[in-house]
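Novice: I'd like to ask you about the structure that follows.
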Amino acid sequence: MVQLLDLPPVLPEAQDAEAGASKFCPGCGHGMVLKTLAFAIDDLNIKDKTVFGCDIGCSLLSWNYMDVDSVQTHHGRTTPVIYGVTRANPEVIGIAYMGDGGGLAIGAQHLVNASVRGEKMLAILVNNTNYGMTGGQMAPTTMPGQRTETTPYGRDCDVTGKPAKGAEMVSAIVNPEKAYVARASVSNLRALRKTFKKALKNVEQGGFSFVEVLSVCPLNWRTNNVDTWNRLKTMEEFFEVKEFVTREGLE
Amino acid sequence: MVNKLIKEDTKMFLTGNEVLAYAANAADAEFMYGYPITPQNEIMHTWCKLLPKTEAGFLQTEDEISAGFSTIGGILAGKRAFTATAGPGNVIMQDAMSMAEMMRIPFVCAVMQRGGPSTATVIYAQQETTLTCFGGNGEGFRIVYSTAGHQDLFDYMIKAFNTAWKYRFPTFVLADGYQGKMREPVMLYDPASRGIKMEPTPAELLPKGKIGVDRSANHLRNTFNMEEELMEVLDQYQVDFDKMAEEIAEYEEYKADDAEVLIIAHGIVARSARTAIDELRAKGVKVGLFRPITVRPLAVKPLRKACERSKQILFTESANGQLARMVLEKIYGITTPYSTLYKMGVGVTGDDLVQKVESMVKEPAVI
């Protein structure tokens, strides 16, 4: 079917249509991730029991993006705020939305311990291999040789260690009977929507879910469309896109 | 709702940490988030031991950062949640406390002070007074009750919950390791029996109502786009804080009416001051006490009056003048000379104060 341009865009119900234009930079992956998440929330009809928490960094711009109750926290602290909510009210589907710094550097201890304890929540980590909001510094996920403001001659893994692999780390420490762990990519939003649905279903059933989403940051990468896409593909070779831990009944 | 343990007046012989757990239960607290640090551990221990009876909630988090932030989560979900900490834990929990300050979250925390800076001692100090009042990258929109014994711990822990939820500023019960670990007789009671009604704790995340039908989605933020936008919010906070201060500021005077030497002390040091005052009065020395109960905000008018009518002031603390700095700012313009007896991280005894006041009588302060 051909959709005419004068038709309004198809927006998920869980996205706040009143929030106006996206605040993210042109070409940023966050809008795609959030919109896909909102569709998954619609698919499961859980909007009225979802609480969305966003980290500081680029993810803070999502504070009014979703049409669900939302809270903006501190850098790295979204995970504890959200499990604080779900511990107090186990009916809530808690979502903690963060970047690679929030999840794997400044907030890593919270991600590790929430995974081990099996907190009833979904942690979403958007991996764009750098700190975008602060101007493009090296992140734990920065690729070997990648140039950032703090690795201007390329990331030297002898000095900085190798890129952190969040999904692999989390999958090694969760209780596999109650967890869902996956890595997805903004290169395939249909697959991402399925991944989010499974992750949210697992939370609904009382489990802990972790989804790392490979995303793009053309502004700080200084890449055009073609190079952005190519770099995302390179990331997908380095960071394996797959389900690491899943359980029955999430389809 | 939780089950209340104290239904009628019950006199018990407890440590201060135990008292705080009982007080939280008496105040209908539903959830505690915490991380172990001495000397506050027995608040958690007692809370956990009582869980089968109270049916309240508890989460031991991975650090004080997460204890603070998960407490915020519990509060936003509509629970009367609280936490407790001390020393270096108080330092790293400032991250969460500043978020509570910015977002007017009724955060309640018991601080059992220990020696500082750094790990220092696990025992006792009054060195977290500045930190508790003014920690974080903000302006100190906080309420801090400094207790001087176990009845205070019970009374003010209950009060802290109501103050926090009524005025929506982070509220602290500031005590110390001596109070936490020492046993004293204390009267436990149901707040309702004293006419105290607990404030409601409405949820900000997922309150009743369907989004888009009964209400809009709540979007809580702590980041602002423009400087002026922030200032507008904070100016209003200051107005609210000043108005609140007049309603909640508390102090205690002991034989201060005719005192020529006025001791200014808070917390357990104020109790040593009482001992010293009785001893000195028996010798005919006119000495009295002004004890701020709210070290933030201070009861400025009575404080100034007491300072004006005395001939000398003595600041004494188990710290290097943390309270004195706050008081001196508020008594600007008053020329009563003062002297100090500061013992950093060490208790101040009645004997210490008797000797100090006697020396001040012989050789008056000149500052």
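Within each chain, counting starts at residue 1; across the structure tokens, chains are named A, B, ... in the order shown, with ligands numbered 1 upward in that order.
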Give me, as a short mmCIF file (atom, residue, chain, number, x, y, z; two decimals) with N, CA and C atoms, in the first residue's frame, the contact residues of chain B against chain A at a cut-off of 10 Å, counting only C-alpha atoms.
Specialist:
```cif
data_model
loop_
_atom_site.label_atom_id
_atom_site.label_comp_id
_atom_site.auth_asym_id
_atom_site.auth_seq_id
_atom_site.Cartn_x
_atom_site.Cartn_y
_atom_site.Cartn_z
N GLU B 30 6.81 1.83 55.03
CA GLU B 30 6.50 0.57 54.33
C GLU B 30 7.71 -0.12 53.74
N PHE B 31 8.78 0.63 53.52
CA PHE B 31 9.91 0.04 52.81
C PHE B 31 11.21 0.70 53.25
N MET B 32 12.22 -0.12 53.49
CA MET B 32 13.55 0.41 53.75
C MET B 32 14.51 -0.13 52.69
N TYR B 33 15.30 0.77 52.13
CA TYR B 33 16.38 0.40 51.23
C TYR B 33 17.67 0.75 51.97
N ALA B 56 6.48 -5.42 56.15
CA ALA B 56 7.01 -4.29 55.38
C ALA B 56 8.00 -4.84 54.35
N GLY B 57 8.65 -3.94 53.62
CA GLY B 57 9.60 -4.37 52.60
C GLY B 57 11.01 -3.93 52.92
N PHE B 58 11.97 -4.65 52.36
CA PHE B 58 13.38 -4.29 52.55
C PHE B 58 14.17 -4.71 51.34
N LEU B 59 15.11 -3.87 50.94
CA LEU B 59 16.05 -4.28 49.90
C LEU B 59 17.46 -3.87 50.32
N THR B 61 20.81 -3.08 48.97
CA THR B 61 21.30 -2.68 47.64
C THR B 61 22.80 -2.91 47.54
N GLU B 62 23.36 -2.53 46.40
CA GLU B 62 24.79 -2.79 46.17
C GLU B 62 25.69 -1.70 46.70
N ASP B 63 25.15 -0.58 47.08
CA ASP B 63 25.95 0.50 47.67
C ASP B 63 24.98 1.60 48.14
N ILE B 65 24.80 4.56 46.96
CA ILE B 65 24.27 5.29 45.80
C ILE B 65 22.93 4.66 45.44
N SER B 66 22.93 3.35 45.30
CA SER B 66 21.69 2.67 44.89
C SER B 66 20.67 2.65 46.02
N ALA B 67 21.14 2.62 47.28
CA ALA B 67 20.18 2.71 48.39
C ALA B 67 19.41 4.02 48.29
N GLY B 68 20.14 5.11 48.03
CA GLY B 68 19.49 6.42 47.91
C GLY B 68 18.54 6.48 46.73
N PHE B 69 19.02 6.03 45.57
CA PHE B 69 18.18 6.14 44.36
C PHE B 69 17.00 5.19 44.39
N SER B 70 17.17 4.00 44.97
CA SER B 70 16.01 3.09 45.02
C SER B 70 15.01 3.59 46.05
N THR B 71 15.49 4.27 47.09
CA THR B 71 14.55 4.90 48.03
C THR B 71 13.70 5.92 47.27
N ILE B 72 14.35 6.69 46.41
CA ILE B 72 13.61 7.65 45.58
C ILE B 72 12.57 6.93 44.73
N GLY B 73 12.96 5.80 44.14
CA GLY B 73 12.01 5.02 43.33
C GLY B 73 10.81 4.58 44.15
N GLY B 74 11.08 4.08 45.35
CA GLY B 74 9.99 3.63 46.22
C GLY B 74 9.06 4.77 46.60
N ILE B 75 9.63 5.92 46.86
CA ILE B 75 8.82 7.10 47.23
C ILE B 75 7.96 7.53 46.05
N LEU B 76 8.57 7.57 44.87
CA LEU B 76 7.80 7.99 43.68
C LEU B 76 6.68 6.99 43.37
N ALA B 77 6.89 5.73 43.77
CA ALA B 77 5.84 4.72 43.58
C ALA B 77 4.75 4.82 44.64
N GLY B 78 4.93 5.75 45.59
CA GLY B 78 3.87 6.00 46.56
C GLY B 78 4.04 5.30 47.89
N LYS B 79 5.24 4.84 48.17
CA LYS B 79 5.47 4.19 49.46
C LYS B 79 6.14 5.15 50.43
N ARG B 80 5.85 4.97 51.72
CA ARG B 80 6.59 5.69 52.74
C ARG B 80 7.89 4.93 52.93
N ALA B 81 8.88 5.27 52.09
CA ALA B 81 10.15 4.55 52.09
C ALA B 81 11.22 5.41 52.74
N ASP B 95 24.52 12.01 46.03
CA ASP B 95 24.08 11.96 44.64
C ASP B 95 22.54 11.88 44.61
N ALA B 96 22.00 10.91 45.35
CA ALA B 96 20.55 10.73 45.38
C ALA B 96 19.86 11.86 46.14
N SER B 98 20.68 14.93 46.35
CA SER B 98 20.56 16.16 45.55
C SER B 98 19.44 16.02 44.52
N MET B 99 19.22 14.80 44.05
CA MET B 99 18.07 14.60 43.14
C MET B 99 16.77 14.82 43.91
N MET B 103 14.00 17.62 42.94
CA MET B 103 12.67 17.18 42.49
C MET B 103 11.64 17.18 43.61
N GLU B 204 3.67 9.36 42.53
CA GLU B 204 3.86 10.26 41.39
C GLU B 204 4.04 9.47 40.11
N LEU B 205 4.49 8.23 40.27
CA LEU B 205 4.58 7.34 39.11
C LEU B 205 3.45 6.33 39.26
N LEU B 206 2.60 6.26 38.26
CA LEU B 206 1.42 5.41 38.27
C LEU B 206 0.46 5.71 39.42
N PRO B 207 0.05 6.98 39.56
CA PRO B 207 -1.09 7.23 40.44
C PRO B 207 -2.33 6.67 39.77
N LYS B 208 -3.45 6.75 40.46
CA LYS B 208 -4.68 6.20 39.86
C LYS B 208 -5.05 6.96 38.58
N GLY B 209 -5.77 6.28 37.69
CA GLY B 209 -6.25 6.94 36.48
C GLY B 209 -5.55 6.45 35.23
N LYS B 210 -6.32 6.37 34.16
CA LYS B 210 -5.78 5.89 32.90
C LYS B 210 -5.19 7.07 32.14
N ILE B 211 -3.98 6.88 31.65
CA ILE B 211 -3.31 7.95 30.90
C ILE B 211 -4.08 8.23 29.62
N GLY B 212 -4.31 9.51 29.35
CA GLY B 212 -5.04 9.89 28.14
C GLY B 212 -6.54 9.93 28.34
N SER B 216 -2.95 13.01 32.28
CA SER B 216 -1.82 12.92 31.35
C SER B 216 -0.72 12.10 32.00
N ALA B 217 0.20 11.67 31.17
CA ALA B 217 1.36 10.95 31.71
C ALA B 217 2.20 11.92 32.55
N ASN B 218 2.73 11.45 33.65
CA ASN B 218 3.62 12.28 34.47
C ASN B 218 5.04 12.18 33.94
N HIS B 219 5.60 13.32 33.61
CA HIS B 219 6.99 13.34 33.16
C HIS B 219 7.82 14.12 34.18
N LEU B 220 8.56 13.41 35.01
CA LEU B 220 9.33 14.06 36.07
C LEU B 220 10.75 14.28 35.57
N ARG B 221 11.20 15.52 35.67
CA ARG B 221 12.54 15.79 35.15
C ARG B 221 13.38 16.57 36.16
N ASN B 222 14.67 16.51 36.00
CA ASN B 222 15.56 17.32 36.83
C ASN B 222 16.58 18.07 35.99
N THR B 223 16.38 18.10 34.70
CA THR B 223 17.29 18.82 33.80
C THR B 223 16.53 19.98 33.17
#
```
Novice: Give me, as a PyMOL selection string, the residues of segment 74-266 of chain B that a backbone DSSP run labels strand (DSSP E or B).
Specialist: chain B and resi 81-85+108-113+143-146+171-176+183-188+211+215+219-220+251-254+261-264
Novice: Find the residues near segment 228-242 of chain A: any atom within 7 Å, counting only C-alpha atoms, skip ones fewer than 6 places away on the same chain, and give them as an MDAnalysis selection string.
Specialist: chainID A and resid 182:184 216 218
Novice: Using only C-alpha atoms, which residues sit within 12 Å of Ala179 of chain A once same-chain residues fewer than 2 positions away are excluded, as a PyMOL selection string?
Specialist: chain A and resi 114-123+167+170-177+181-182+198-211+243-248+250
Novice: Which residues come within 9 Å of Met112 of chain B, counting only C-alpha atoms, excluding same-chain residues fewer than 4 positions away, as a tab-separated table (two decimals) with C-alpha atoms, in the first residue's frame?
Specialist:
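Dumped to result30.tsv:
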```tsv
chain	number	residue	atom	x	y	z
B	17	ASN	CA	19.42	2.07	66.07
B	38	THR	CA	28.78	1.17	60.75
B	39	PRO	CA	27.40	2.59	63.02
B	40	GLN	CA	23.89	2.44	61.50
B	84	ALA	CA	19.86	5.24	56.70
B	85	THR	CA	23.57	5.75	56.36
B	86	ALA	CA	26.74	7.18	57.89
B	87	GLY	CA	30.15	8.61	57.08
B	124	TYR	CA	31.23	8.73	66.69
B	125	ALA	CA	31.47	12.34	65.52
B	128	GLU	CA	28.52	15.20	59.01
B	173	VAL	CA	17.42	12.57	61.47
B	174	LEU	CA	21.00	13.44	62.35
B	175	ALA	CA	22.36	11.35	65.21
B	176	ASP	CA	25.66	9.58	65.80
B	177	GLY	CA	27.29	6.30	66.70
B	178	TYR	CA	26.98	6.93	70.43
B	179	GLN	CA	23.23	7.32	70.13
B	180	GLY	CA	22.99	4.42	67.71
```
Novice: Residues of segment 15-189 of chain A in helix (DSSP H, G or I) according to DSSP, as a ChimeraX atom specification?
Specialist: /A:17-19,30-44,47-49,58-62,78-88,100-104,108-117,157-160,166-173,176-178,189
Novice: Take the residues just selected and output them with C-alpha atoms as a short mmCIF file (atom, residue, chain, number, x, y, z; two decimals), in the first residue's frame.
Specialist:
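For reference, out07.cif as written:
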```cif
data_model
loop_
_atom_site.label_atom_id
_atom_site.label_comp_id
_atom_site.auth_asym_id
_atom_site.auth_seq_id
_atom_site.Cartn_x
_atom_site.Cartn_y
_atom_site.Cartn_z
CA ALA A 17 2.38 12.90 20.29
CA GLU A 18 2.26 16.23 22.14
CA ALA A 19 5.97 16.21 22.96
CA HIS A 30 17.53 7.03 19.90
CA GLY A 31 14.30 8.09 18.17
CA MET A 32 14.13 4.76 16.34
CA VAL A 33 14.78 2.79 19.52
CA LEU A 34 12.19 4.70 21.52
CA LYS A 35 9.52 4.56 18.87
CA THR A 36 10.06 0.81 18.51
CA LEU A 37 9.86 0.42 22.27
CA ALA A 38 6.58 2.35 22.27
CA PHE A 39 5.17 0.01 19.61
CA ALA A 40 6.18 -3.00 21.71
CA ILE A 41 4.42 -1.46 24.73
CA ASP A 42 1.32 -1.02 22.54
CA ASP A 43 1.58 -4.62 21.31
CA LEU A 44 1.43 -5.90 24.88
CA LYS A 47 1.06 1.35 28.83
CA ASP A 48 -0.88 1.87 32.04
CA LYS A 49 1.42 -0.21 34.17
CA CYS A 58 21.67 11.65 25.32
CA SER A 59 19.05 9.36 26.81
CA LEU A 60 17.90 12.20 29.11
CA LEU A 61 16.19 13.76 26.09
CA SER A 62 13.65 10.95 26.20
CA THR A 78 18.29 4.83 36.36
CA THR A 79 18.60 1.15 37.21
CA PRO A 80 18.33 1.67 41.00
CA VAL A 81 15.49 4.20 40.64
CA ILE A 82 13.53 1.72 38.54
CA TYR A 83 14.11 -1.30 40.75
CA GLY A 84 13.24 0.95 43.68
CA VAL A 85 9.88 1.50 41.97
CA THR A 86 9.26 -2.15 41.10
CA ARG A 87 10.34 -3.40 44.54
CA ALA A 88 7.84 -1.00 46.08
CA ASP A 100 26.69 2.63 27.17
CA GLY A 101 28.30 4.91 29.77
CA GLY A 102 25.29 4.75 32.08
CA GLY A 103 25.12 0.99 31.85
CA LEU A 104 28.71 -0.16 31.54
CA ALA A 108 27.90 -0.73 35.89
CA GLN A 109 27.59 -1.83 39.51
CA HIS A 110 23.83 -1.33 39.37
CA LEU A 111 23.48 -3.30 36.13
CA VAL A 112 25.59 -6.14 37.55
CA ASN A 113 23.65 -6.34 40.78
CA ALA A 114 20.22 -5.89 39.23
CA SER A 115 21.12 -8.77 36.88
CA VAL A 116 22.30 -11.00 39.72
CA ARG A 117 19.28 -10.25 41.89
CA CYS A 157 43.23 -1.55 23.47
CA ASP A 158 46.63 -2.12 25.08
CA VAL A 159 46.05 1.05 27.05
CA THR A 160 42.27 1.10 27.51
CA GLY A 166 27.24 -5.76 27.92
CA ALA A 167 24.96 -8.54 26.76
CA GLU A 168 27.66 -11.18 27.19
CA MET A 169 28.45 -9.89 30.70
CA VAL A 170 24.83 -9.82 31.78
CA SER A 171 24.05 -13.23 30.30
CA ALA A 172 26.88 -14.74 32.34
CA ILE A 173 25.42 -13.60 35.66
CA PRO A 176 18.66 -18.15 33.01
CA GLU A 177 15.29 -19.42 34.18
CA LYS A 178 14.01 -15.90 34.82
CA LEU A 189 13.59 -2.39 13.70
#
```
Novice: How far is it from atom CA of Pro12 of chain A to atom CA of Gly94 of chain A, in Å with one decimal?
Specialist: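 Going from atom CA of Pro12 of chain A over to atom CA of Gly94 of chain A, I get 18.6 Å.
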Novice: Using only C-alpha atoms, which of the listed residues (B:Ile158, B:Val261, B:Val233, B:Met344) sits closest to Phe172 of chain B?
Specialist: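 Distance minimum relative to Phe172 of chain B lands on B:Ile158.
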Novice: Could you name the residues that touch Pro26 of chain A at 12 Å or less, counting only C-alpha atoms, but leaving out those on the same chain fewer than 6 positions away, as JSON, numbers by chain?
Specialist: {"A": [32, 216, 217, 218, 219, 220, 222, 223, 224, 225]}
